[in-house]
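**Student:** Got a structure for you, written out below as structure tokens; questions coming shortly.
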Amino acid sequence: MDKKLLITNNIRKLRFFANEMTQLELAEKSGASRQTIIALEAGKYTPSLELAFRIANVFGVSIGEVFECKSEGIEA
Amino acid sequence: MSYNSKKTIASLVAGAALVIAYTVYALGKRSPAPNNLESWAAAMLVFIGISVAAVVVIQILFHIAFAIGIAVKEQDREDKKVERIISSAMVEDEREKLISLKSARVGYICAGIGLIAALAALALGGSAVAAFHILFGAYAVGSIAEGIVGVYFYEKGVRNG
């Protein structure tokens with residue numbers, strides 16, 4: 001049986017270390033809307049692989065440094 | 001509440017108001033005779049036309065009000081920044097497409113149920129006008145449900161897959 005995966009991200013932290021990049025700047029650089037960045041940071045949206053790569057590229061890090069995957073332990 | 005949620009709610013209110021207006025018309029004294037299918041079809045076409053025009057006008061007015069609201073809220077910032085905030089809110093990205101797909105599915109389900117119910121009504125000896133109204137009502141309910149589900153996903157979040 002599959003276990004539910006919880007995808008978390010470090011976008012807020014990465015924005016802080018990227019000279020306090022604003023959500024608007026990240027949205028513009030990654031081609032998403034500001035609302036999507038807000039939803040991502042709040043854990044209300046799981047991005048597609050493409051957007052995940054684009055966000056990682058903005059920060060110049062690997063995708064694994066932006067997104068982390070945890071097993072929720074609840075069987076789906 | 002996000003720009004998209006507010007925009008969807010504005011369209012929802014317009015849609016609901018037109019459904020109420022049609023119901024009042026259909027139950028009123030000026031409504032066509034129960035078996036006059038042509039007149040009912042014409043009335044529905046008029047209401048559909050009005051609803052399309054109303055949604056377009058409301059979207060334009062909402063867009064203007066939103067832009068003014070942002071400009072007032074961010075008046076301390078430079079114009080370019082305000083423009084960037086407004087254009088960023090208007091971007092239709094993958095999240096918005098996903099939400100619109102997921103909510104449209106609810107609308108299609110309602111319309112499908114309506115079609116089956118209308119066919120069942122005809123098969124059971126109901127009038128064509130009754131079947132017509134069931135279909136029309138199902139589309140209206142589907143459209144409202146689509147909006148509600150859309151707002152739910154905008155506010156509560158959505159997952160790919």
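Ligands are numbered from 1 in the order shown, chains are lettered A, B, ... in the order of the structure tokens, and residues start at 1 in each chain.
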Write out as a PyMOL selection string which residues come within 8 Å of B:Ala117 when counting only C-alpha atoms, dropping same-chain ones fewer than 2 positions away.
**Tutor:** chain B and resi 113-115+119-121+131+134-135
**Student:** Go ahead and write the selection's residues with C-alpha atoms as a PDB file, in the first residue's frame.
**Tutor:**
```pdb
ATOM      1  CA  ILE B 113     -26.620  14.471 -13.918  1.00  0.00           C
ATOM      2  CA  GLY B 114     -28.968  17.130 -15.295  1.00  0.00           C
ATOM      3  CA  LEU B 115     -28.942  15.541 -18.750  1.00  0.00           C
ATOM      4  CA  LEU B 119     -33.970  12.285 -20.196  1.00  0.00           C
ATOM      5  CA  ALA B 120     -35.523  10.372 -17.303  1.00  0.00           C
ATOM      6  CA  ALA B 121     -38.209  13.048 -16.988  1.00  0.00           C
ATOM      7  CA  ALA B 131     -36.854  18.497 -19.362  1.00  0.00           C
ATOM      8  CA  ILE B 134     -34.037  20.462 -15.617  1.00  0.00           C
ATOM      9  CA  LEU B 135     -31.146  20.831 -18.091  1.00  0.00           C
TER      10      LEU B 135
END
```
**Student:** Would you kindly report the residues of chain A within 12 Å of chain B, using only C-alpha atoms, as JSON, numbers by chain?
**Tutor:** {"A": [4, 5, 6, 7, 22, 23, 24, 25, 26, 27, 28, 29, 30, 31, 32, 33, 34, 35, 36, 37, 38, 39, 40, 41, 42, 43, 44, 45, 46, 47, 48, 49, 50, 51, 52]}
**Student:** Counting only C-alpha atoms, figure out which residue out of B:Leu37, B:Leu98, B:Ala145, B:Val129 gets nearest to B:Ala111.
**Tutor:** B:Ala145
**Student:** Can you pull out every residue within 12 Å of B:Val57, counting only C-alpha atoms, but drop anything in the same chain fewer than 5 positions away, and send it as an NGL selection string?
**Tutor:** :B and (7 or 10-11 or 14 or 50-52 or 62-64)
**Student:** Please provide as an NGL selection string all residues within 12 Å of B:Arg30, with the sequence filter that same-chain residues fewer than 4 positions apart are discarded (counting only C-alpha atoms).
**Tutor:** :B and (22-26 or 34 or 39-40 or 43)
